[in-house]
Amino acid sequence: MKERNQAMSVDTGDIQGMVLGNIAGYRLVRHLIFSAPDAASLRRFVNEIRPLILFGTNQPTTAHGWVANISFASGAMAQLLAPETYCKLESAFRSPPDAERIGDVGASGPSGWWEGQFRGDEVSCFVHLHAVGEAQLESATAEILEEAAAAGVREKIPRASGGRLDGAFLGSGPAGKGARVHFGYVDGLSSSKIAWDGAPGPERPVDPRSVVIGHYDDHFPCAPARDPAASVLRNSSYLVFRWIYQDVAVFERFLTRKAPPLFPNLPPAEARELLAAKIMGRWRDGTPLCLSPDSPDPGRCEEGFAFGEDLQGMACPVSSHVRVMNPRDQELSGMAATTGVPQIIRRGMPYGTELNGDKDDGVDRGILGIFVCASIREQFMRLAAWGQRNNFSDSFPAHGRDQDALTGNRAVPGATRAFRIPKGPAGGGVATDLPDFIRTKATQYLLMPSGQTLSKLVPF
Amino acid sequence: MITALNMTVPLKQDPESQAKLQKLKEMFADHIQPEIDKALRKSRMVHFARVLVIHDRFLQVITEFDGDPEEYTEFFRRELPHVFKPIFELAEGAPPWDELNDQDSFFEASKHLNVKALGRSEDGREEQGWLFTYFPKTVREIEESLAGSGGGEKPAGGDAPAAPAPTAGGAHAAALHAAAAALSAAAAALTAAAGGPAPQE
């Protein structure tokens with residue numbers, strides 16, 4: 001196998017703010033979805049809003065309390081690129097999402113996506129707006145919609161009720177500073193800082209080649225792999241947008257029903273919290289189970305951790321969410337040992353009001369997930385597949401049909417619906433009849449262009 | 001979930017390519033087979049594999065494995081580029097290896113060459129077609145079953161002593177191999193019935 005080439009530095013001024021993470025201070029998000037009838041309309045629209053787009057060194061609207069980023073769907077890229085360049089984009093991007101592979105089957109299947117309002121192939125682009133408050137968000141929306149109307153580009157409305165996709169952090173602060181997701185876990189704690197200077201290390205562990213394309217390496221595959229197409233797309237990123245419903249009522253009732261018999265040595269309330277921690281791999285306050293298996297320790301939330309000393313999952317079950325999505329130093333087996341652990345950057349935000357209690361109130365709530373990567377197939381799809389079939393390490397049962405305890409789709413053929421918790425002083429065992437805690441309401445593959453790419457797609 | 005790969009490569013018919021094909025056939029057993037064997041063993045996910053050349057017009061790589069085609073394809077591209085390079089250089093219509101040797105291009109080329117089996121997938125994967133599996137267990141499950149049978153049996157061709165008398169697990173393995181043999185015989189019979197000679201390799 002080829003040796004890994006040394007990472008290279010990437011000019012962050014060329015990269016959109018959402019990829020860089022320069023949106024952390026904004027509590028609100030709105031994803032505007034557009035369809036352009038032709039390339040000329042799309043170019044007119046992009047040309048008008050280009051000065052508003054947030055790049056690393058260009059922050060045109062931050063003084064107004066909002067920022068904008070833009071991404072394109074496959075159909076738009078086909079309109080904007082020369083055919084010989086378009087055909088070099090990753091084939092997974094150019095195709096509809098492989099729903100079976102990523103576990104979007106049954107109630108999560110494509111036939112129900114976008115609440116039936118439109119199909120993914122009707123989408124041209126997204127404008128992602130982040131704002132500090134409602135007034136700023138409405139102001140930004142009005143400005144973008146005005147330009148869209150002038151260019152002849154139509155907005156697509158994803159909700160049958162006529163609503164847009166709006167998200168907001170829950171809790172008192174931005175991600176990692178007290179903000180939570182609907183299941184009650186603190187969000188934004190994973191160490192996903194990117195080493196844009198080309199020197200990954202403990203503080204910034206993510207190699208930029210797993211985030212932006214145009215720098216092909218066998219250990220960080222991406223498409224286009226070669227010039228001249230690679231040079232056109234250099235420093236752009238693939239985005240996977242997922243609208244995911246989270247069934248909080250089912251989740252809370254599952255904890256109530258299953259925790260006491262699993263942990264008979266604990267009071268029911270403590271047993272519930274321990275089961276919630278086992279499912280995620282972190283306590284709801286963010287404390288990693290590996291560092292503090294018996295109780296939360298808020299002071300350790302942002303510490304790094306590993307699984308090498310916990311091969312059997314005594315502290316953190318092997319099918320817990322954080323462990324499946326990033327097995328860290330856990331030994332991989334079979335083919336996964338060669339292909340390695342994919343890294344992916346998350347830029348999601350919750351949507352919908354919080355549920356109090358465990359009775360379903362019929363409100364749509366969940367997460368507007370954005371996954372940034374250099375290869376949809378090698379990063380996003382592989383992780384999604386691992387979540388549906390835990391078969392990448394000898395730590396799992398040999399049948400490989402256990403799933404991510406939190407995000408597995410139990411309708412995947414052969415799924416065990418069992419969550420194995422090795423027995424410890426507090427108890428343990430197998431939590432059976434795992435329900436679906438989430439449901440996919442849409443999956444859309446997008447490309448977020450770098451500055452140089454945008455100038456080639458839509459010349460000034 | 002067992003997946004079948006039926007990669008069928010149309011071969012160039014010019015004299016130079018055909019000469020290279022003959023060379024490949026001659027060196028397969030001693031030079032290529034051990035390399036593939038080593039990678040398959042490392043994967044611990046492949047049940048069966050064979051390579052066939054049909055009338056010097058097609059080369060087939062046929063395998064049954066656990067898991068996803070995407071991961072499988074990339075694993076072998078990374079592990080065996082020196083095997084796939086000469087194969088794809090013989091393929092009619094294939095781009096030069098230098099243009100194929102990246103994750104996405106290789107996956108697309110392999111997918112394009114994979115022939116869907118007749119019939120309907122029993123687990124809903126439309127692109128697969130029908131795959132009969134008498135014993136739907138993963139390679140790891142079979143390994144564990146064999147180890148648990150008390151025989152301490154290791155995979156065929158490994159450094160284990162000769163297989164012990166069939167036990168519960170051994171009988172399963174024997175059944176699998178018998179099934180494979182029966183399939184090969186059936187394939188030969190079908191070929192003969194179609195009026196052609198049996199596959200050469």
# chains A, B, ... in the order shown; residues from 1 in each chain; ligands from 1
>>> residues_around(residues="Phe76 (chain B)", least_positions_apart="6", cutoff="12 Å", atoms="only C-alpha atoms", output="short mmCIF file (atom, residue, chain, number, x, y, z; two decimals) with C-alpha atoms, in the first residue's frame")
data_model
loop_
_atom_site.label_atom_id
_atom_site.label_comp_id
_atom_site.auth_asym_id
_atom_site.auth_seq_id
_atom_site.Cartn_x
_atom_site.Cartn_y
_atom_site.Cartn_z
CA MET A 1 0.00 0.00 0.00
CA GLY A 334 -11.09 -7.20 7.93
CA MET A 335 -11.38 -4.68 5.16
CA ALA A 336 -11.90 -1.80 7.58
CA THR A 338 -7.10 -1.32 5.45
CA THR A 339 -9.52 1.47 4.68
CA GLU B 35 -1.22 -12.56 -3.85
CA ILE B 36 -5.00 -12.72 -4.11
CA ASP B 37 -5.10 -15.53 -1.58
CA LYS B 38 -3.15 -13.45 0.89
CA ALA B 39 -5.46 -10.45 0.52
CA LEU B 40 -8.61 -12.57 0.75
CA ARG B 41 -7.32 -14.18 3.91
CA LYS B 42 -6.55 -10.76 5.37
CA SER B 43 -10.04 -9.49 4.60
CA VAL B 46 -14.64 -13.47 1.59
CA PRO B 69 -19.35 -3.62 -2.33
CA GLU B 70 -17.86 -0.15 -1.83
CA HIS B 82 -0.38 -4.92 -9.12
CA VAL B 83 -3.02 -7.58 -9.81
CA PHE B 84 -5.75 -5.33 -11.12
CA LYS B 85 -3.44 -3.26 -13.30
CA ASN B 101 -6.29 3.93 -10.05
CA ASP B 102 -8.23 6.10 -7.66
CA GLN B 103 -11.08 5.22 -5.36
CA PHE B 106 -12.02 2.14 -9.81
CA PHE B 107 -15.33 1.71 -8.01
CA SER B 110 -15.86 -2.29 -11.20
#
>>> residues_around(residues="Glu122 (chain B)", least_positions_apart="5", cutoff="12 Å", atoms="only C-alpha atoms", output="PyMOL selection string")
(chain A and resi 413-414) or (chain B and resi 1-3+127-133+136)
>>> write_last_selection(atoms="N, CA and C atoms", output="PDB file, in the first residue's frame")
ATOM      1  N   PRO A 413     -32.735  -4.931   6.847  1.00  0.00           N
ATOM      2  CA  PRO A 413     -32.884  -6.383   6.925  1.00  0.00           C
ATOM      3  C   PRO A 413     -31.827  -7.022   7.830  1.00  0.00           C
ATOM      4  N   GLY A 414     -32.280  -7.846   8.750  1.00  0.00           N
ATOM      5  CA  GLY A 414     -31.371  -8.591   9.622  1.00  0.00           C
ATOM      6  C   GLY A 414     -30.964  -7.874  10.890  1.00  0.00           C
TER       7      GLY A 414
ATOM      8  N   MET B   1     -25.281 -10.585   5.762  1.00  0.00           N
ATOM      9  CA  MET B   1     -25.568 -10.135   4.411  1.00  0.00           C
ATOM     10  C   MET B   1     -24.416 -10.547   3.507  1.00  0.00           C
ATOM     11  N   ILE B   2     -24.646 -11.533   2.689  1.00  0.00           N
ATOM     12  CA  ILE B   2     -23.612 -11.983   1.758  1.00  0.00           C
ATOM     13  C   ILE B   2     -23.870 -11.338   0.399  1.00  0.00           C
ATOM     14  N   THR B   3     -22.806 -10.834  -0.195  1.00  0.00           N
ATOM     15  CA  THR B   3     -22.900 -10.129  -1.469  1.00  0.00           C
ATOM     16  C   THR B   3     -22.109 -10.895  -2.515  1.00  0.00           C
ATOM     17  N   GLU B 127     -29.927  -4.345  -7.053  1.00  0.00           N
ATOM     18  CA  GLU B 127     -28.806  -4.415  -7.980  1.00  0.00           C
ATOM     19  C   GLU B 127     -28.094  -5.773  -7.922  1.00  0.00           C
ATOM     20  N   GLN B 128     -28.468  -6.601  -6.966  1.00  0.00           N
ATOM     21  CA  GLN B 128     -27.767  -7.865  -6.768  1.00  0.00           C
ATOM     22  C   GLN B 128     -28.332  -9.021  -7.589  1.00  0.00           C
ATOM     23  N   GLY B 129     -29.641  -9.059  -7.774  1.00  0.00           N
ATOM     24  CA  GLY B 129     -30.237 -10.261  -8.332  1.00  0.00           C
ATOM     25  C   GLY B 129     -30.260 -11.353  -7.277  1.00  0.00           C
ATOM     26  N   TRP B 130     -30.445 -12.585  -7.727  1.00  0.00           N
ATOM     27  CA  TRP B 130     -30.646 -13.700  -6.783  1.00  0.00           C
ATOM     28  C   TRP B 130     -29.314 -14.300  -6.369  1.00  0.00           C
ATOM     29  N   LEU B 131     -29.167 -14.568  -5.105  1.00  0.00           N
ATOM     30  CA  LEU B 131     -28.010 -15.309  -4.599  1.00  0.00           C
ATOM     31  C   LEU B 131     -28.519 -16.324  -3.595  1.00  0.00           C
ATOM     32  N   PHE B 132     -28.390 -17.594  -3.936  1.00  0.00           N
ATOM     33  CA  PHE B 132     -28.826 -18.634  -3.003  1.00  0.00           C
ATOM     34  C   PHE B 132     -27.765 -18.812  -1.920  1.00  0.00           C
ATOM     35  N   THR B 133     -28.208 -18.834  -0.692  1.00  0.00           N
ATOM     36  CA  THR B 133     -27.305 -19.072   0.430  1.00  0.00           C
ATOM     37  C   THR B 133     -27.952 -20.086   1.360  1.00  0.00           C
ATOM     38  N   PRO B 136     -26.570 -18.784   5.776  1.00  0.00           N
ATOM     39  CA  PRO B 136     -26.312 -17.330   5.742  1.00  0.00           C
ATOM     40  C   PRO B 136     -25.552 -16.835   6.966  1.00  0.00           C
TER      41      PRO B 136
END
>>> closest_atom_pairs(of="chain A", to="chain B", cutoff="10 Å", atoms="only C-alpha atoms", output="Markdown table")
| residue | atom | partner | partner_atom | distance |
| --- | --- | --- | --- | --- |
| A:Met1 | CA | B:Arg78 | CA | 5.9 |
| A:Lys2 | CA | B:Arg78 | CA | 8.0 |
| A:Lys88 | CA | B:Ser105 | CA | 8.6 |
| A:Leu89 | CA | B:Asp104 | CA | 8.9 |
| A:Glu90 | CA | B:Asp104 | CA | 6.3 |
| A:Ser91 | CA | B:Asp104 | CA | 6.8 |
| A:Ala92 | CA | B:Asp104 | CA | 8.5 |
| A:Glu100 | CA | B:Arg125 | CA | 7.6 |
| A:Arg101 | CA | B:Asp68 | CA | 8.0 |
| A:Tyr216 | CA | B:Asp102 | CA | 8.6 |
| A:Asp217 | CA | B:Asp102 | CA | 8.8 |
| A:Asp218 | CA | B:Asp102 | CA | 7.2 |
| A:His219 | CA | B:Arg78 | CA | 9.6 |
| A:Phe220 | CA | B:Gln103 | CA | 9.5 |
| A:Pro221 | CA | B:Gln103 | CA | 6.1 |
| A:Cys222 | CA | B:Asp104 | CA | 7.3 |
| A:Ala223 | CA | B:Asp104 | CA | 6.6 |
| A:Pro224 | CA | B:Asp104 | CA | 8.5 |
| A:Ala225 | CA | B:Asp102 | CA | 6.8 |
| A:Arg226 | CA | B:Glu99 | CA | 8.4 |
| A:Ser333 | CA | B:Ser43 | CA | 7.8 |
| A:Gly334 | CA | B:Ser43 | CA | 4.2 |
| A:Met335 | CA | B:Ser43 | CA | 5.0 |
| A:Ala336 | CA | B:Glu71 | CA | 7.6 |
| A:Ala337 | CA | B:Ser43 | CA | 8.5 |
| A:Thr338 | CA | B:Phe75 | CA | 6.4 |
| A:Thr339 | CA | B:Phe75 | CA | 6.4 |
| A:Ser375 | CA | B:Asp104 | CA | 8.9 |
| A:Arg377 | CA | B:Glu70 | CA | 7.6 |
| A:Glu378 | CA | B:Glu71 | CA | 8.0 |
| A:Met381 | CA | B:Glu70 | CA | 9.2 |
| A:Arg382 | CA | B:Glu71 | CA | 7.7 |
| A:Ala385 | CA | B:Asp68 | CA | 8.2 |
| A:Trp386 | CA | B:Gly67 | CA | 9.9 |
| A:Arg389 | CA | B:Gly67 | CA | 8.6 |
| A:Asn391 | CA | B:Gly67 | CA | 7.9 |
| A:Phe392 | CA | B:Gly67 | CA | 9.4 |
| A:Asp394 | CA | B:Arg140 | CA | 8.7 |
| A:Pro397 | CA | B:Glu141 | CA | 8.4 |
| A:Ala398 | CA | B:Glu141 | CA | 5.0 |
| A:His399 | CA | B:Thr138 | CA | 5.9 |
| A:Gly400 | CA | B:Thr138 | CA | 7.9 |
| A:Arg401 | CA | B:Met1 | CA | 8.7 |
| A:Val412 | CA | B:Asp123 | CA | 9.4 |
| A:Pro413 | CA | B:Asp123 | CA | 6.6 |
| A:Gly414 | CA | B:Met1 | CA | 8.0 |
>>> write_last_selection(atoms="C-alpha atoms", output="mmCIF file, in the first residue's frame")
data_model
loop_
_atom_site.group_PDB
_atom_site.id
_atom_site.type_symbol
_atom_site.label_atom_id
_atom_site.label_comp_id
_atom_site.auth_asym_id
_atom_site.auth_seq_id
_atom_site.Cartn_x
_atom_site.Cartn_y
_atom_site.Cartn_z
ATOM 1 C CA MET A 1 0.000 0.000 0.000
ATOM 2 C CA LYS A 2 1.145 3.536 -0.713
ATOM 3 C CA LYS A 88 -15.093 13.728 -12.764
ATOM 4 C CA LEU A 89 -17.085 14.690 -9.671
ATOM 5 C CA GLU A 90 -17.595 11.812 -7.266
ATOM 6 C CA SER A 91 -20.065 9.357 -8.750
ATOM 7 C CA ALA A 92 -21.928 9.139 -5.441
ATOM 8 C CA GLU A 100 -30.223 1.116 1.096
ATOM 9 C CA ARG A 101 -26.523 1.585 1.796
ATOM 10 C CA TYR A 216 -5.990 13.470 -3.810
ATOM 11 C CA ASP A 217 -4.119 10.982 -1.665
ATOM 12 C CA ASP A 218 -4.908 7.271 -1.389
ATOM 13 C CA HIS A 219 -5.458 7.733 2.341
ATOM 14 C CA PHE A 220 -7.766 10.680 1.680
ATOM 15 C CA PRO A 221 -9.487 9.730 -1.563
ATOM 16 C CA CYS A 222 -11.634 12.266 -3.332
ATOM 17 C CA ALA A 223 -12.938 13.082 -6.779
ATOM 18 C CA PRO A 224 -11.878 14.640 -9.072
ATOM 19 C CA ALA A 225 -8.601 12.868 -8.435
ATOM 20 C CA ARG A 226 -6.540 14.592 -11.131
ATOM 21 C CA SER A 333 -10.820 -5.857 11.438
ATOM 22 C CA GLY A 334 -11.089 -7.199 7.932
ATOM 23 C CA MET A 335 -11.379 -4.679 5.162
ATOM 24 C CA ALA A 336 -11.895 -1.800 7.584
ATOM 25 C CA ALA A 337 -8.371 -2.340 8.874
ATOM 26 C CA THR A 338 -7.102 -1.325 5.450
ATOM 27 C CA THR A 339 -9.523 1.472 4.678
ATOM 28 C CA SER A 375 -15.580 11.781 -0.294
ATOM 29 C CA ARG A 377 -18.670 7.307 -0.407
ATOM 30 C CA GLU A 378 -15.516 6.817 1.645
ATOM 31 C CA MET A 381 -21.574 6.434 3.342
ATOM 32 C CA ARG A 382 -19.065 4.255 5.135
ATOM 33 C CA ALA A 385 -23.152 1.802 6.777
ATOM 34 C CA TRP A 386 -21.186 1.109 9.964
ATOM 35 C CA ARG A 389 -24.238 -2.903 10.534
ATOM 36 C CA ASN A 391 -19.170 -5.295 11.408
ATOM 37 C CA PHE A 392 -15.893 -3.409 11.303
ATOM 38 C CA ASP A 394 -13.810 -8.048 16.240
ATOM 39 C CA PRO A 397 -20.611 -10.090 17.522
ATOM 40 C CA ALA A 398 -19.450 -12.063 14.508
ATOM 41 C CA HIS A 399 -22.801 -11.790 12.759
ATOM 42 C CA GLY A 400 -22.212 -8.044 12.325
ATOM 43 C CA ARG A 401 -25.919 -7.221 12.562
ATOM 44 C CA VAL A 412 -32.622 -2.687 7.837
ATOM 45 C CA PRO A 413 -32.884 -6.383 6.925
ATOM 46 C CA GLY A 414 -31.371 -8.591 9.622
#
>>> residues_around(residues="Phe72 (chain A)", least_positions_apart="5", cutoff="7 Å", atoms="only C-alpha atoms", output="PyMOL selection string")
chain A and resi 77+124-126+446-448
>>> atom_distance(atom1="CA of Arg234 (chain A)", atom2="CA of Thr85 (chain A)")
12.2 Å
>>> closest_residue(among="A:Ala277, A:Val322, A:Ala151, A:Met18", to="Ile49 (chain A)", atoms="only C-alpha atoms")
A:Ala151
>>> select_by_dssp(residues="region 151-341 of chain A", states="helix (DSSP H, G or I)", output="count of residues only")
51
>>> atom_distance(atom1="CA of Ala418 (chain A)", atom2="CA of Gly348 (chain A)")
27.8 Å
>>> residues_around(residues="Pro15 (chain B)", least_positions_apart="5", cutoff="12 Å", atoms="only C-alpha atoms", output="list of chain:residue names")
B:Lys20, B:Leu21, B:Gln22, B:Asp56, B:Leu90
>>> closest_residue(among="B:Glu26, B:Glu89, B:Glu64, B:Asp98", to="Met7 (chain B)", atoms="only C-alpha atoms")
B:Glu64
>>> atom_distance(atom1="CA of Ala306 (chain A)", atom2="CA of Val212 (chain A)")
26.1 Å
>>> residues_around(residues="Phe380 (chain A)", least_positions_apart="2", cutoff="12 Å", atoms="only C-alpha atoms", output="MDAnalysis selection string")
chainID A and resid 92:93 97:98 101:103 210:211 238:242 325:326 341:346 369:378 382:387 443 445
>>> write_last_selection(atoms="C-alpha atoms", output="compact mmCIF listing (two decimals), in the first residue's frame")
# COMPACT_ATOMS: atom_id res chain seq x y z
CA ALA A 92 -21.93 9.14 -5.44
CA PHE A 93 -22.56 12.89 -5.67
CA PRO A 97 -28.38 8.88 -2.50
CA ASP A 98 -27.98 5.11 -2.22
CA ARG A 101 -26.52 1.58 1.80
CA ILE A 102 -27.00 4.46 4.22
CA GLY A 103 -29.92 2.85 6.03
CA SER A 210 -10.60 14.76 4.59
CA VAL A 211 -12.55 18.03 4.35
CA TYR A 238 -18.97 17.75 -0.41
CA LEU A 239 -21.86 18.24 2.00
CA VAL A 240 -24.45 15.74 3.03
CA PHE A 241 -27.59 17.47 4.24
CA ARG A 242 -29.89 15.32 6.35
CA MET A 325 -19.13 6.96 14.50
CA ASN A 326 -15.52 7.35 15.64
CA VAL A 341 -11.64 5.21 10.27
CA PRO A 342 -13.31 7.92 8.18
CA GLN A 343 -13.35 11.38 9.70
CA ILE A 344 -16.23 13.70 9.04
CA ILE A 345 -17.06 17.24 10.12
CA ARG A 346 -20.52 17.94 11.53
CA GLY A 369 -27.52 17.57 9.99
CA ILE A 370 -24.70 18.71 7.75
CA PHE A 371 -21.74 16.43 7.20
CA VAL A 372 -18.70 17.90 5.47
CA CYS A 373 -16.31 15.55 3.70
CA ALA A 374 -13.97 15.06 0.76
CA SER A 375 -15.58 11.78 -0.29
CA ILE A 376 -19.25 11.00 0.19
CA ARG A 377 -18.67 7.31 -0.41
CA GLU A 378 -15.52 6.82 1.65
CA ARG A 382 -19.07 4.25 5.14
CA LEU A 383 -19.94 5.70 8.54
CA ALA A 384 -23.64 5.44 7.76
CA ALA A 385 -23.15 1.80 6.78
CA TRP A 386 -21.19 1.11 9.96
CA GLY A 387 -24.10 2.56 11.91
CA THR A 443 -30.97 13.30 2.36
CA TYR A 445 -25.85 15.59 -1.53
>>> residues_around(residues="Pro10 (chain B)", least_positions_apart="5", cutoff="7 Å", atoms="only C-alpha atoms", output="list in words")
Arg57, Phe58, Leu59, Ala91 and Glu92 of chain B
>>> write_last_selection(atoms="N, CA and C atoms", output="compact mmCIF listing (two decimals), in the first residue's frame")
# COMPACT_ATOMS: atom_id res chain seq x y z
N ARG B 57 -12.26 -14.47 -24.31
CA ARG B 57 -13.05 -13.27 -24.64
C ARG B 57 -13.47 -12.51 -23.39
N PHE B 58 -13.62 -13.22 -22.29
CA PHE B 58 -14.03 -12.58 -21.04
C PHE B 58 -13.19 -13.11 -19.90
N LEU B 59 -12.91 -12.23 -18.96
CA LEU B 59 -12.28 -12.65 -17.71
C LEU B 59 -13.30 -12.36 -16.60
N ALA B 91 -8.58 -5.10 -20.60
CA ALA B 91 -10.02 -4.91 -20.75
C ALA B 91 -10.35 -4.01 -21.93
N GLU B 92 -11.29 -4.48 -22.72
CA GLU B 92 -11.75 -3.71 -23.87
C GLU B 92 -12.46 -2.45 -23.38
>>> residues_around(residues="Pro298 (chain A)", least_positions_apart="3", cutoff="9 Å", atoms="only C-alpha atoms", output="PyMOL selection string")
chain A and resi 285-287+301-302
>>> decode(residues="region 107-149 of chain B", atoms="C-alpha atoms", output="mmCIF file, in the first residue's frame")
data_model
loop_
_atom_site.group_PDB
_atom_site.id
_atom_site.type_symbol
_atom_site.label_atom_id
_atom_site.label_comp_id
_atom_site.auth_asym_id
_atom_site.auth_seq_id
_atom_site.Cartn_x
_atom_site.Cartn_y
_atom_site.Cartn_z
ATOM 1 C CA PHE B 107 -15.330 1.712 -8.012
ATOM 2 C CA GLU B 108 -17.277 2.973 -10.994
ATOM 3 C CA ALA B 109 -15.358 0.757 -13.408
ATOM 4 C CA SER B 110 -15.858 -2.294 -11.199
ATOM 5 C CA LYS B 111 -19.536 -1.534 -10.753
ATOM 6 C CA HIS B 112 -19.929 -1.137 -14.508
ATOM 7 C CA LEU B 113 -18.332 -4.545 -15.062
ATOM 8 C CA ASN B 114 -20.376 -6.316 -12.398
ATOM 9 C CA VAL B 115 -23.088 -8.439 -13.957
ATOM 10 C CA LYS B 116 -26.352 -8.614 -12.070
ATOM 11 C CA ALA B 117 -27.486 -12.163 -11.442
ATOM 12 C CA LEU B 118 -30.805 -13.283 -12.798
ATOM 13 C CA GLY B 119 -33.720 -13.311 -10.431
ATOM 14 C CA ARG B 120 -34.738 -11.308 -7.388
ATOM 15 C CA SER B 121 -32.631 -10.496 -4.344
ATOM 16 C CA GLU B 122 -34.051 -12.028 -1.187
ATOM 17 C CA ASP B 123 -32.932 -9.096 0.961
ATOM 18 C CA GLY B 124 -34.243 -6.256 -1.165
ATOM 19 C CA ARG B 125 -31.003 -5.257 -2.894
ATOM 20 C CA GLU B 126 -32.247 -4.781 -6.421
ATOM 21 C CA GLU B 127 -28.806 -4.415 -7.980
ATOM 22 C CA GLN B 128 -27.767 -7.865 -6.768
ATOM 23 C CA GLY B 129 -30.237 -10.261 -8.332
ATOM 24 C CA TRP B 130 -30.646 -13.700 -6.783
ATOM 25 C CA LEU B 131 -28.010 -15.309 -4.599
ATOM 26 C CA PHE B 132 -28.826 -18.634 -3.003
ATOM 27 C CA THR B 133 -27.305 -19.072 0.430
ATOM 28 C CA TYR B 134 -27.940 -22.279 2.305
ATOM 29 C CA PHE B 135 -25.972 -21.122 5.331
ATOM 30 C CA PRO B 136 -26.312 -17.330 5.742
ATOM 31 C CA LYS B 137 -23.474 -16.811 8.188
ATOM 32 C CA THR B 138 -20.522 -14.454 8.016
ATOM 33 C CA VAL B 139 -16.966 -15.687 7.637
ATOM 34 C CA ARG B 140 -16.345 -14.630 11.224
ATOM 35 C CA GLU B 141 -19.329 -16.636 12.430
ATOM 36 C CA ILE B 142 -18.058 -19.676 10.572
ATOM 37 C CA GLU B 143 -14.596 -19.168 12.069
ATOM 38 C CA GLU B 144 -16.076 -18.964 15.550
ATOM 39 C CA SER B 145 -18.292 -21.946 14.929
ATOM 40 C CA LEU B 146 -15.307 -23.996 13.824
ATOM 41 C CA ALA B 147 -13.253 -22.862 16.795
ATOM 42 C CA GLY B 148 -16.166 -23.635 19.129
ATOM 43 C CA SER B 149 -16.598 -27.103 17.674
#
